[in-house]
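Printed here is entry_16.pdb (PDB, C-alpha atoms):
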ATOM      1  CA  MET A 261     -17.077  11.296  -4.007
ATOM      2  CA  LYS A 262     -14.961  10.136  -6.924
ATOM      3  CA  ILE A 263     -11.192   9.965  -6.812
ATOM      4  CA  GLU A 264      -9.294   9.995 -10.079
ATOM      5  CA  PHE A 265      -5.784   8.658 -10.517
ATOM      6  CA  LYS A 266      -3.469   8.523 -13.522
ATOM      7  CA  PRO A 267      -0.669   5.984 -14.008
ATOM      8  CA  ILE A 268       2.844   7.334 -13.389
ATOM      9  CA  GLY A 269       4.536   4.430 -15.169
ATOM     10  CA  VAL A 270       4.257   0.821 -16.314
ATOM     11  CA  ILE A 271       5.546  -2.379 -14.694
ATOM     12  CA  HIS A 272       7.195  -4.938 -16.984
ATOM     13  CA  THR A 273       7.529  -8.549 -15.851
ATOM     14  CA  PRO A 274       7.769 -12.043 -17.382
ATOM     15  CA  PHE A 275       4.120 -12.713 -16.436
ATOM     16  CA  THR A 276       1.903 -12.039 -19.431
ATOM     17  CA  GLU A 277      -1.060 -14.065 -18.132
ATOM     18  CA  PRO A 278      -2.538 -14.253 -14.607
ATOM     19  CA  HIS A 279      -2.504 -18.057 -14.689
ATOM     20  CA  GLY A 280       0.576 -19.628 -13.092
ATOM     21  CA  MET A 281       1.956 -16.458 -11.517
ATOM     22  CA  PRO A 282       3.500 -16.383  -8.063
ATOM     23  CA  ILE A 283       0.805 -15.151  -5.707
ATOM     24  CA  GLN A 284       3.098 -12.887  -3.704
ATOM     25  CA  PRO A 285       6.663 -11.533  -3.984
ATOM     26  CA  ALA A 286       7.764 -14.378  -1.679
ATOM     27  CA  GLY A 287       6.795 -16.740  -4.497
ATOM     28  CA  GLY A 288       8.582 -14.642  -7.075
ATOM     29  CA  ILE A 289      12.058 -14.841  -5.538
ATOM     30  CA  GLY A 290      14.654 -14.149  -8.216
ATOM     31  CA  VAL A 291      12.045 -13.102 -10.790
ATOM     32  CA  LYS A 292      13.203  -9.865 -12.377
ATOM     33  CA  GLY A 293      11.191  -7.023 -13.758
ATOM     34  CA  THR A 294      11.439  -3.337 -14.560
ATOM     35  CA  VAL A 295       9.390  -0.298 -13.690
ATOM     36  CA  GLU A 296       9.322   2.345 -16.405
ATOM     37  CA  VAL A 297       8.548   5.689 -14.794
ATOM     38  CA  PHE A 298       7.102   8.305 -17.133
ATOM     39  CA  GLU A 299       9.550  11.029 -18.079
ATOM     40  CA  GLU A 300       7.688  13.998 -16.605
ATOM     41  CA  ILE A 301       8.001  12.704 -13.042
ATOM     42  CA  ARG A 302      11.454  11.087 -13.149
ATOM     43  CA  ASP A 303      13.005  13.834 -11.035
ATOM     44  CA  GLY A 304      10.987  12.364  -8.167
ATOM     45  CA  LEU A 305      13.196   9.234  -8.246
ATOM     46  CA  LYS A 306      16.194  11.089  -6.781
ATOM     47  CA  ASP A 307      17.572   9.381  -3.634
ATOM     48  CA  LEU A 308      15.404   6.296  -4.161
ATOM     49  CA  ASP A 309      18.443   4.235  -5.185
ATOM     50  CA  GLY A 310      19.622   4.250  -1.553
ATOM     51  CA  PHE A 311      16.726   1.958  -0.630
ATOM     52  CA  SER A 312      17.056  -1.806  -1.092
ATOM     53  CA  HIS A 313      13.284  -2.362  -1.060
ATOM     54  CA  ILE A 314      10.367  -0.312  -2.309
ATOM     55  CA  ILE A 315       6.595  -0.523  -2.106
ATOM     56  CA  LEU A 316       4.843  -0.483  -5.469
ATOM     57  CA  LEU A 317       1.187   0.498  -5.543
ATOM     58  CA  TYR A 318      -0.450  -0.361  -8.830
ATOM     59  CA  TYR A 319      -3.760  -0.831 -10.561
ATOM     60  CA  PHE A 320      -5.011  -4.408 -10.998
ATOM     61  CA  HIS A 321      -5.904  -3.554 -14.590
ATOM     62  CA  ARG A 322      -7.205  -7.010 -15.448
ATOM     63  CA  SER A 323      -9.559  -7.205 -12.477
ATOM     64  CA  GLN A 324     -13.216  -6.605 -13.106
ATOM     65  CA  GLY A 325     -15.902  -6.322 -10.480
ATOM     66  CA  PHE A 326     -15.640  -8.059  -7.125
ATOM     67  CA  LYS A 327     -17.385 -10.421  -4.743
ATOM     68  CA  LEU A 328     -17.467  -9.781  -1.010
ATOM     69  CA  THR A 329     -16.484 -13.358  -0.205
ATOM     70  CA  VAL A 330     -13.875 -15.269  -2.190
ATOM     71  CA  THR A 331     -12.028 -18.546  -2.011
ATOM     72  CA  PRO A 332      -8.367 -17.450  -1.903
ATOM     73  CA  PHE A 333      -5.524 -19.321  -3.627
ATOM     74  CA  MET A 334      -4.279 -20.463  -0.249
ATOM     75  CA  ASP A 335      -7.497 -21.895   1.127
ATOM     76  CA  SER A 336     -10.504 -23.981   0.215
ATOM     77  CA  LYS A 337     -13.021 -21.979   2.264
ATOM     78  CA  LYS A 338     -14.790 -18.761   1.380
ATOM     79  CA  ARG A 339     -13.244 -15.792   3.162
ATOM     80  CA  GLY A 340     -14.201 -12.141   3.460
ATOM     81  CA  LEU A 341     -12.620 -10.219   0.579
ATOM     82  CA  PHE A 342     -10.775  -7.788   2.867
ATOM     83  CA  ALA A 343      -9.198 -10.719   4.735
ATOM     84  CA  THR A 344      -7.553 -11.715   1.427
ATOM     85  CA  ARG A 345      -5.237 -10.170  -1.157
ATOM     86  CA  ALA A 346      -7.503 -11.104  -4.101
ATOM     87  CA  PRO A 347      -7.132  -8.663  -7.032
ATOM     88  CA  ASN A 348     -10.857  -8.178  -7.630
ATOM     89  CA  ARG A 349     -11.646  -5.468  -5.055
ATOM     90  CA  PRO A 350     -13.898  -2.383  -4.869
ATOM     91  CA  ASN A 351     -10.784  -0.265  -5.479
ATOM     92  CA  ALA A 352      -8.444  -2.587  -7.334
ATOM     93  CA  ILE A 353      -5.147  -1.376  -5.861
ATOM     94  CA  GLY A 354      -2.274  -3.854  -5.673
ATOM     95  CA  LEU A 355       0.636  -3.601  -3.239
ATOM     96  CA  SER A 356       3.985  -5.384  -3.542
ATOM     97  CA  VAL A 357       7.223  -4.941  -1.630
ATOM     98  CA  VAL A 358       9.997  -5.646  -4.147
ATOM     99  CA  GLN A 359      13.787  -5.514  -4.108
ATOM    100  CA  LEU A 360      15.306  -2.550  -5.936
ATOM    101  CA  ASP A 361      18.569  -3.441  -7.678
ATOM    102  CA  ARG A 362      19.319  -0.180  -9.501
ATOM    103  CA  ILE A 363      17.810   2.773 -11.341
ATOM    104  CA  GLU A 364      18.936   3.804 -14.838
ATOM    105  CA  ASN A 365      17.345   6.488 -17.002
ATOM    106  CA  GLY A 366      14.022   6.400 -15.210
ATOM    107  CA  VAL A 367      13.847   2.602 -15.218
ATOM    108  CA  LEU A 368      13.815   0.718 -11.923
ATOM    109  CA  TYR A 369      15.344  -2.768 -12.050
ATOM    110  CA  ILE A 370      13.479  -4.865  -9.512
ATOM    111  CA  GLN A 371      13.495  -8.413  -8.177
ATOM    112  CA  ASN A 372      11.057 -10.754  -6.423
ATOM    113  CA  VAL A 373       8.147  -9.748  -8.559
ATOM    114  CA  ASP A 374       4.573 -11.072  -8.490
ATOM    115  CA  ILE A 375       3.038  -8.516 -10.824
ATOM    116  CA  LEU A 376       1.452  -8.931 -14.244
ATOM    117  CA  ASP A 377       3.259  -7.478 -17.273
ATOM    118  CA  GLY A 378       1.876  -4.129 -18.391
ATOM    119  CA  THR A 379       0.460  -3.203 -14.985
ATOM    120  CA  PRO A 380      -0.093   0.557 -14.544
ATOM    121  CA  LEU A 381       1.974   2.010 -11.702
ATOM    122  CA  LEU A 382       0.223   4.345  -9.249
ATOM    123  CA  ASP A 383       2.870   5.123  -6.636
ATOM    124  CA  ILE A 384       6.331   4.213  -5.345
ATOM    125  CA  LYS A 385       7.172   4.481  -1.656
ATOM    126  CA  PRO A 386      10.427   3.618   0.099
ATOM    127  CA  TYR A 387      10.092   0.513   2.285
ATOM    128  CA  VAL A 388      11.105   1.341   5.857
ATOM    129  CA  PRO A 389      10.936  -1.429   8.501
ATOM    130  CA  GLU A 390       9.921   1.030  11.237
ATOM    131  CA  PHE A 391       6.996   2.220   9.096
ATOM    132  CA  ASP A 392       5.929  -0.940   7.327
ATOM    133  CA  GLY A 393       7.173  -4.004   9.196
ATOM    134  CA  ARG A 394       5.516  -5.549  12.255
ATOM    135  CA  PRO A 395       6.888  -8.413  14.347
ATOM    136  CA  ASN A 396       4.726 -10.815  16.355
ATOM    137  CA  VAL A 397       1.519 -10.603  14.404
ATOM    138  CA  GLN A 398      -1.455 -12.895  14.072
ATOM    139  CA  THR A 399      -2.659 -13.757  10.594
ATOM    140  CA  GLY A 400      -6.004 -15.476  11.092
ATOM    141  CA  TRP A 401      -6.942 -18.025   8.425
ATOM    142  CA  LEU A 402      -3.496 -17.606   6.814
ATOM    143  CA  GLU A 403      -1.642 -18.722   9.954
ATOM    144  CA  GLN A 404      -0.898 -22.212   8.664
ATOM    145  CA  ALA A 405      -0.953 -21.593   4.934
ATOM    146  CA  ARG A 406       1.514 -18.725   4.927
ATOM    147  CA  LYS A 407       4.451 -21.070   5.385
ATOM    148  CA  THR A 408       3.775 -22.534   1.937
ATOM    149  CA  ILE A 409       3.458 -19.239   0.041
ATOM    150  CA  ALA A 410       6.706 -19.609  -1.864
ATOM    151  CA  ARG A 411       5.452 -22.801  -3.516
ATOM    152  CA  ARG A 412       1.982 -21.566  -4.514
ATOM    153  CA  LYS A 413       0.989 -20.302  -7.918
ATOM    154  CA  SER A 414      -2.162 -18.627  -9.090
ATOM    155  CA  ASP A 415      -4.818 -20.306 -11.186
ATOM    156  CA  ASP A 416      -7.766 -19.014 -13.146
ATOM    157  CA  ARG A 417     -10.077 -18.233 -10.276
ATOM    158  CA  PHE A 418      -9.741 -14.459 -10.451
ATOM    159  CA  ARG A 419      -9.714 -14.325 -14.203
ATOM    160  CA  SER A 420     -11.936 -11.584 -15.461
ATOM    161  CA  GLU A 421     -14.261 -12.283 -18.332
ATOM    162  CA  GLU A 422     -12.862  -9.588 -20.496
ATOM    163  CA  ILE A 423      -9.276  -9.744 -21.632
ATOM    164  CA  GLU A 424      -7.956  -6.445 -22.939
TER     165      GLU A 424
ATOM    166  CA  MET B 782      -5.845   6.348 -18.987
ATOM    167  CA  LYS B 783      -7.876   7.486 -16.038
ATOM    168  CA  ILE B 784      -8.571   5.279 -13.039
ATOM    169  CA  GLU B 785     -11.532   6.070 -10.851
ATOM    170  CA  PHE B 786     -11.906   4.989  -7.241
ATOM    171  CA  LYS B 787     -14.673   5.480  -4.698
ATOM    172  CA  PRO B 788     -14.192   5.492  -0.914
ATOM    173  CA  ILE B 789     -15.337   2.308   0.858
ATOM    174  CA  GLY B 790     -15.374   3.942   4.290
ATOM    175  CA  VAL B 791     -14.053   6.749   6.480
ATOM    176  CA  ILE B 792     -11.210   6.743   9.001
ATOM    177  CA  HIS B 793     -11.843   8.536  12.303
ATOM    178  CA  THR B 794      -8.907   9.623  14.472
ATOM    179  CA  PRO B 795      -8.083  12.291  17.085
ATOM    180  CA  PHE B 796      -6.100  14.256  14.470
ATOM    181  CA  THR B 797      -8.283  16.977  13.017
ATOM    182  CA  GLU B 798      -5.398  19.060  11.649
ATOM    183  CA  PRO B 799      -2.236  17.928   9.815
ATOM    184  CA  HIS B 800      -0.024  20.011  12.111
ATOM    185  CA  GLY B 801       1.453  18.080  15.058
ATOM    186  CA  MET B 802       0.421  14.605  13.902
ATOM    187  CA  PRO B 803       2.690  11.597  14.258
ATOM    188  CA  ILE B 804       4.397  11.120  10.912
ATOM    189  CA  GLN B 805       4.062   7.346  10.882
ATOM    190  CA  PRO B 806       2.199   4.677  12.901
ATOM    191  CA  ALA B 807       5.429   4.197  14.903
ATOM    192  CA  GLY B 808       4.893   7.722  16.217
ATOM    193  CA  GLY B 809       1.236   7.069  16.946
ATOM    194  CA  ILE B 810       1.729   4.191  19.391
ATOM    195  CA  GLY B 811      -1.355   3.883  21.561
ATOM    196  CA  VAL B 812      -3.346   6.397  19.519
ATOM    197  CA  LYS B 813      -6.778   4.908  18.862
ATOM    198  CA  GLY B 814      -9.049   5.373  15.912
ATOM    199  CA  THR B 815     -11.906   3.708  14.083
ATOM    200  CA  VAL B 816     -12.573   2.749  10.501
ATOM    201  CA  GLU B 817     -16.209   2.971   9.490
ATOM    202  CA  VAL B 818     -16.778   0.651   6.540
ATOM    203  CA  PHE B 819     -19.802   1.492   4.404
ATOM    204  CA  GLU B 820     -22.692  -0.891   4.869
ATOM    205  CA  GLU B 821     -22.878  -2.261   1.334
ATOM    206  CA  ILE B 822     -19.446  -3.875   1.554
ATOM    207  CA  ARG B 823     -19.361  -4.974   5.201
ATOM    208  CA  ASP B 824     -19.729  -8.640   4.277
ATOM    209  CA  GLY B 825     -16.173  -8.373   2.956
ATOM    210  CA  LEU B 826     -14.903  -7.937   6.544
ATOM    211  CA  LYS B 827     -15.564 -11.576   7.410
ATOM    212  CA  ASP B 828     -12.443 -13.352   8.786
ATOM    213  CA  LEU B 829     -10.519 -10.073   9.069
ATOM    214  CA  ASP B 830     -10.783 -10.151  12.881
ATOM    215  CA  GLY B 831      -8.270 -13.014  12.946
ATOM    216  CA  PHE B 832      -5.539 -10.592  11.887
ATOM    217  CA  SER B 833      -3.746  -8.482  14.484
ATOM    218  CA  HIS B 834      -2.510  -5.961  11.901
ATOM    219  CA  ILE B 835      -4.000  -4.588   8.712
ATOM    220  CA  ILE B 836      -2.854  -2.366   5.886
ATOM    221  CA  LEU B 837      -5.059   0.655   5.265
ATOM    222  CA  LEU B 838      -4.854   2.332   1.869
ATOM    223  CA  TYR B 839      -6.498   5.730   1.864
ATOM    224  CA  TYR B 840      -6.785   8.971  -0.020
ATOM    225  CA  PHE B 841      -4.699  11.914   1.249
ATOM    226  CA  HIS B 842      -7.767  14.110   0.860
ATOM    227  CA  ARG B 843      -6.077  17.279   2.110
ATOM    228  CA  SER B 844      -3.139  17.015  -0.253
ATOM    229  CA  GLN B 845      -3.139  19.205  -3.299
ATOM    230  CA  GLY B 846      -0.647  19.099  -6.115
ATOM    231  CA  PHE B 847       2.917  17.893  -5.650
ATOM    232  CA  LYS B 848       6.561  18.794  -6.129
ATOM    233  CA  LEU B 849       9.081  16.261  -7.417
ATOM    234  CA  THR B 850      11.586  17.138  -4.715
ATOM    235  CA  VAL B 851      10.582  17.802  -1.116
ATOM    236  CA  THR B 852      12.242  18.375   2.219
ATOM    237  CA  PRO B 853      10.811  15.562   4.351
ATOM    238  CA  PHE B 854       9.925  15.902   8.045
ATOM    239  CA  MET B 855      12.924  13.766   8.921
ATOM    240  CA  ASP B 856      15.575  15.642   7.000
ATOM    241  CA  SER B 857      16.819  19.107   6.128
ATOM    242  CA  LYS B 858      17.795  18.294   2.521
ATOM    243  CA  LYS B 859      15.615  18.107  -0.563
ATOM    244  CA  ARG B 860      14.871  14.533  -1.530
ATOM    245  CA  GLY B 861      13.170  12.938  -4.497
ATOM    246  CA  LEU B 862       9.434  12.682  -3.779
ATOM    247  CA  PHE B 863       9.328   8.896  -4.309
ATOM    248  CA  ALA B 864      12.130   8.437  -1.773
ATOM    249  CA  THR B 865       9.807   9.998   0.833
ATOM    250  CA  ARG B 866       6.362   9.330   2.278
ATOM    251  CA  ALA B 867       5.157  12.909   1.766
ATOM    252  CA  PRO B 868       1.364  13.130   1.254
ATOM    253  CA  ASN B 869       1.472  15.422  -1.786
ATOM    254  CA  ARG B 870       2.037  12.874  -4.579
ATOM    255  CA  PRO B 871       0.878  12.433  -8.199
ATOM    256  CA  ASN B 872      -1.562   9.792  -6.907
ATOM    257  CA  ALA B 873      -2.172  10.773  -3.302
ATOM    258  CA  ILE B 874      -2.510   7.286  -1.812
ATOM    259  CA  GLY B 875      -1.565   6.820   1.835
ATOM    260  CA  LEU B 876      -0.520   3.512   3.383
ATOM    261  CA  SER B 877      -0.471   2.669   7.089
ATOM    262  CA  VAL B 878      -0.014  -0.626   8.890
ATOM    263  CA  VAL B 879      -2.185  -0.390  12.012
ATOM    264  CA  GLN B 880      -3.107  -2.724  14.850
ATOM    265  CA  LEU B 881      -6.628  -4.149  14.666
ATOM    266  CA  ASP B 882      -8.206  -4.566  18.108
ATOM    267  CA  ARG B 883     -11.708  -5.690  17.150
ATOM    268  CA  ILE B 884     -14.537  -5.310  14.649
ATOM    269  CA  GLU B 885     -18.104  -4.443  15.693
ATOM    270  CA  ASN B 886     -20.992  -3.672  13.342
ATOM    271  CA  GLY B 887     -18.772  -2.729  10.433
ATOM    272  CA  VAL B 888     -16.499  -0.564  12.572
ATOM    273  CA  LEU B 889     -12.843  -1.483  12.931
ATOM    274  CA  TYR B 890     -11.227  -0.412  16.202
ATOM    275  CA  ILE B 891      -7.596   0.320  15.435
ATOM    276  CA  GLN B 892      -4.455   1.446  17.285
ATOM    277  CA  ASN B 893      -1.150   3.118  16.396
ATOM    278  CA  VAL B 894      -2.723   5.556  14.016
ATOM    279  CA  ASP B 895      -1.034   8.340  12.026
ATOM    280  CA  ILE B 896      -4.005   9.264   9.859
ATOM    281  CA  LEU B 897      -6.019  12.468   9.646
ATOM    282  CA  ASP B 898      -9.643  12.398  10.857
ATOM    283  CA  GLY B 899     -12.172  12.067   8.046
ATOM    284  CA  THR B 900      -9.754  10.377   5.637
ATOM    285  CA  PRO B 901     -11.525   8.413   2.866
ATOM    286  CA  LEU B 902     -10.689   4.701   2.964
ATOM    287  CA  LEU B 903      -9.759   3.015  -0.335
ATOM    288  CA  ASP B 904      -8.820  -0.526   0.668
ATOM    289  CA  ILE B 905      -8.098  -2.853   3.581
ATOM    290  CA  LYS B 906      -5.601  -5.697   3.240
ATOM    291  CA  PRO B 907      -4.500  -8.202   5.879
ATOM    292  CA  TYR B 908      -0.903  -7.630   6.995
ATOM    293  CA  VAL B 909       1.132 -10.794   6.472
ATOM    294  CA  PRO B 910       4.848 -10.752   7.379
ATOM    295  CA  GLU B 911       5.746 -13.106   4.518
ATOM    296  CA  PHE B 912       4.069 -10.757   2.037
ATOM    297  CA  ASP B 913       4.826  -7.359   3.494
ATOM    298  CA  GLY B 914       7.797  -7.550   5.858
ATOM    299  CA  ARG B 915      11.448  -7.544   4.798
ATOM    300  CA  PRO B 916      14.434  -8.048   7.109
ATOM    301  CA  ASN B 917      17.930  -6.659   6.404
ATOM    302  CA  VAL B 918      17.032  -3.714   4.255
ATOM    303  CA  GLN B 919      18.841  -0.509   3.401
ATOM    304  CA  THR B 920      16.946   2.729   3.761
ATOM    305  CA  GLY B 921      19.122   5.351   2.080
ATOM    306  CA  TRP B 922      18.800   8.863   3.479
ATOM    307  CA  LEU B 923      16.501   7.568   6.246
ATOM    308  CA  GLU B 924      19.134   5.206   7.644
ATOM    309  CA  GLN B 925      20.070   7.446  10.565
ATOM    310  CA  ALA B 926      16.827   9.361  10.987
ATOM    311  CA  ARG B 927      14.542   6.340  11.204
ATOM    312  CA  LYS B 928      15.609   5.602  14.770
ATOM    313  CA  THR B 929      13.964   8.843  15.882
ATOM    314  CA  ILE B 930      10.636   8.365  14.090
ATOM    315  CA  ALA B 931       8.633   7.784  17.234
ATOM    316  CA  ARG B 932       9.545  11.246  18.539
ATOM    317  CA  ARG B 933       8.844  13.212  15.364
ATOM    318  CA  LYS B 934       5.708  15.126  14.597
ATOM    319  CA  SER B 935       4.531  16.779  11.440
ATOM    320  CA  ASP B 936       4.520  20.514  10.860
ATOM    321  CA  ASP B 937       2.952  22.728   8.248
ATOM    322  CA  ARG B 938       5.227  21.968   5.353
ATOM    323  CA  PHE B 939       2.780  19.830   3.413
ATOM    324  CA  ARG B 940      -0.198  21.969   4.201
ATOM    325  CA  SER B 941      -2.303  22.502   1.151
ATOM    326  CA  GLU B 942      -3.542  25.970   0.350
ATOM    327  CA  GLU B 943      -7.152  24.999   0.393
ATOM    328  CA  ILE B 944      -8.747  23.631   3.529
ATOM    329  CA  GLU B 945     -11.989  21.819   2.892
TER     330      GLU B 945
END
Any chance you could give the structure as structure tokens?
Amino acid sequence: MKIEFKPIGVIHTPFTEPHGMPIQPAGGIGVKGTVEVFEEIRDGLKDLDGFSHIILLYYFHRSQGFKLTVTPFMDSKKRGLFATRAPNRPNAIGLSVVQLDRIENGVLYIQNVDILDGTPLLDIKPYVPEFDGRPNVQTGWLEQARKTIARRKSDDRFRSEEIE
Amino acid sequence: MKIEFKPIGVIHTPFTEPHGMPIQPAGGIGVKGTVEVFEEIRDGLKDLDGFSHIILLYYFHRSQGFKLTVTPFMDSKKRGLFATRAPNRPNAIGLSVVQLDRIENGVLYIQNVDILDGTPLLDIKPYVPEFDGRPNVQTGWLEQARKTIARRKSDDRFRSEEIE
């Protein structure tokens, strides 16, 4: 079974290279970007401006291949790939919850961005705490490290061999 | 640009028909399901059992086509598609945060499930509040309705014409 998707837009950010990027939106506080939604589907943006936060699903277009265990940015031990947010995955889908400031002419102005410039957009969903937030959770190997997320940056470890 | 994905597993739940399902995990409290991860990538599950909650990304395999404005389950007015969580989308990717009870032989035992039986799994990510949770958000047209999510069920409105 093959599933085929087509980008519905492009994400523009200040990050033109994977190296040195914030590793999550929490590390990209105040970083601004835009989401350019392709014209033919802009009518689908109606009512979205009432939401302060949105979920962007996108294609990690610079990822290539994957390993089933990886050493994440926030650890020095090898971890199972699905216990990490590493971009090199069997289906290289990225997920970021970002702040939505406004929408003008099919362009979303967003904040707290950890996404590479030129990233193809796959979907936009409204962020709803009752759907997407969970209190009192356990986070395994990340339990200690997660408090330092805002200070961490990426390095070259997930760099793919081929640069487009 | 075409992006091709392949399922990495299958989600099993008590919901064999879209009609009458909970519309979000909040409405599926206590509902149990399993995620069968295909053997060739099971090594990637290492360390995941330390997380109490995971994000499942999956393919809305029963969706077919889309409209840019829809009347969501929780409203009587037409809303922009991207301001809703309707399954019929340009790229029909579903997202649910579910509780992870345990992992045995490549099978994830999950709870609070709002997913259709037989759904193809695309990705698993650990749920981390600092990455994925946001306090103090505005939720536009859902602001009032979201308090009643747990009581709502789906109906036939997103039924696709073709049943596999």
**Request:** Can you give me, as a ChimeraX atom specification, the residues this file yields under the PyMOL selection byres ((chain A) within 7 of (chain B))?
**Result:** /A:261-266,284-286,301,303-308,310-313,328-329,339-345,351,357,382-386,388,390-393,397-401
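With CA of Ser414 in chain A on one side and CA of Thr276 in chain A on the other, the separation reads 12.9 Å.
CA of Ile810 in chain B to CA of Ser857 in chain B spans 25.0 Å [interatomic distance, one decimal].
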**Request:** Fewer than 2 positions away in the same chain doesn't count, so skip those; otherwise give me all residues within 10 Å of Ile370 in chain A, counting all atoms listed in the file, as a list in words.
**Result:** Ile271, His272, Thr273, Gly290, Val291, Lys292, Gly293, Thr294, Val295, Ser312, His313, Ile314, Val358, Gln359, Leu360, Asp361, Arg362, Ile363, Val367, Leu368, Asn372 and Val373 of chain A
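For the pair CA of Asp377 in chain A and CA of Pro347 in chain A, the interatomic distance is 14.6 Å.
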Hey, could you pull the box centre and edge lengths for range 334-346 of chain A, axis-aligned, 6 Å padding per side, all listed atoms, to one decimal in Å, as JSON?
{"center_x": -9.5, "center_y": -15.9, "center_z": 0.3, "size_x": 22.5, "size_y": 28.2, "size_z": 20.8}
Within 6 Å of Gly790 in chain B, counting all atoms listed in the file, which residues show up once you throw out same-chain ones fewer than 5 positions away? Write them as a PDB file with C-alpha atoms, in the coordinates of the input, please.
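part.pdb written:
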ATOM      1  CA  GLU B 817     -16.209   2.971   9.490  1.00  0.00           C
ATOM      2  CA  VAL B 818     -16.778   0.651   6.540  1.00  0.00           C
ATOM      3  CA  PHE B 819     -19.802   1.492   4.404  1.00  0.00           C
ATOM      4  CA  LEU B 902     -10.689   4.701   2.964  1.00  0.00           C
TER       5      LEU B 902
END
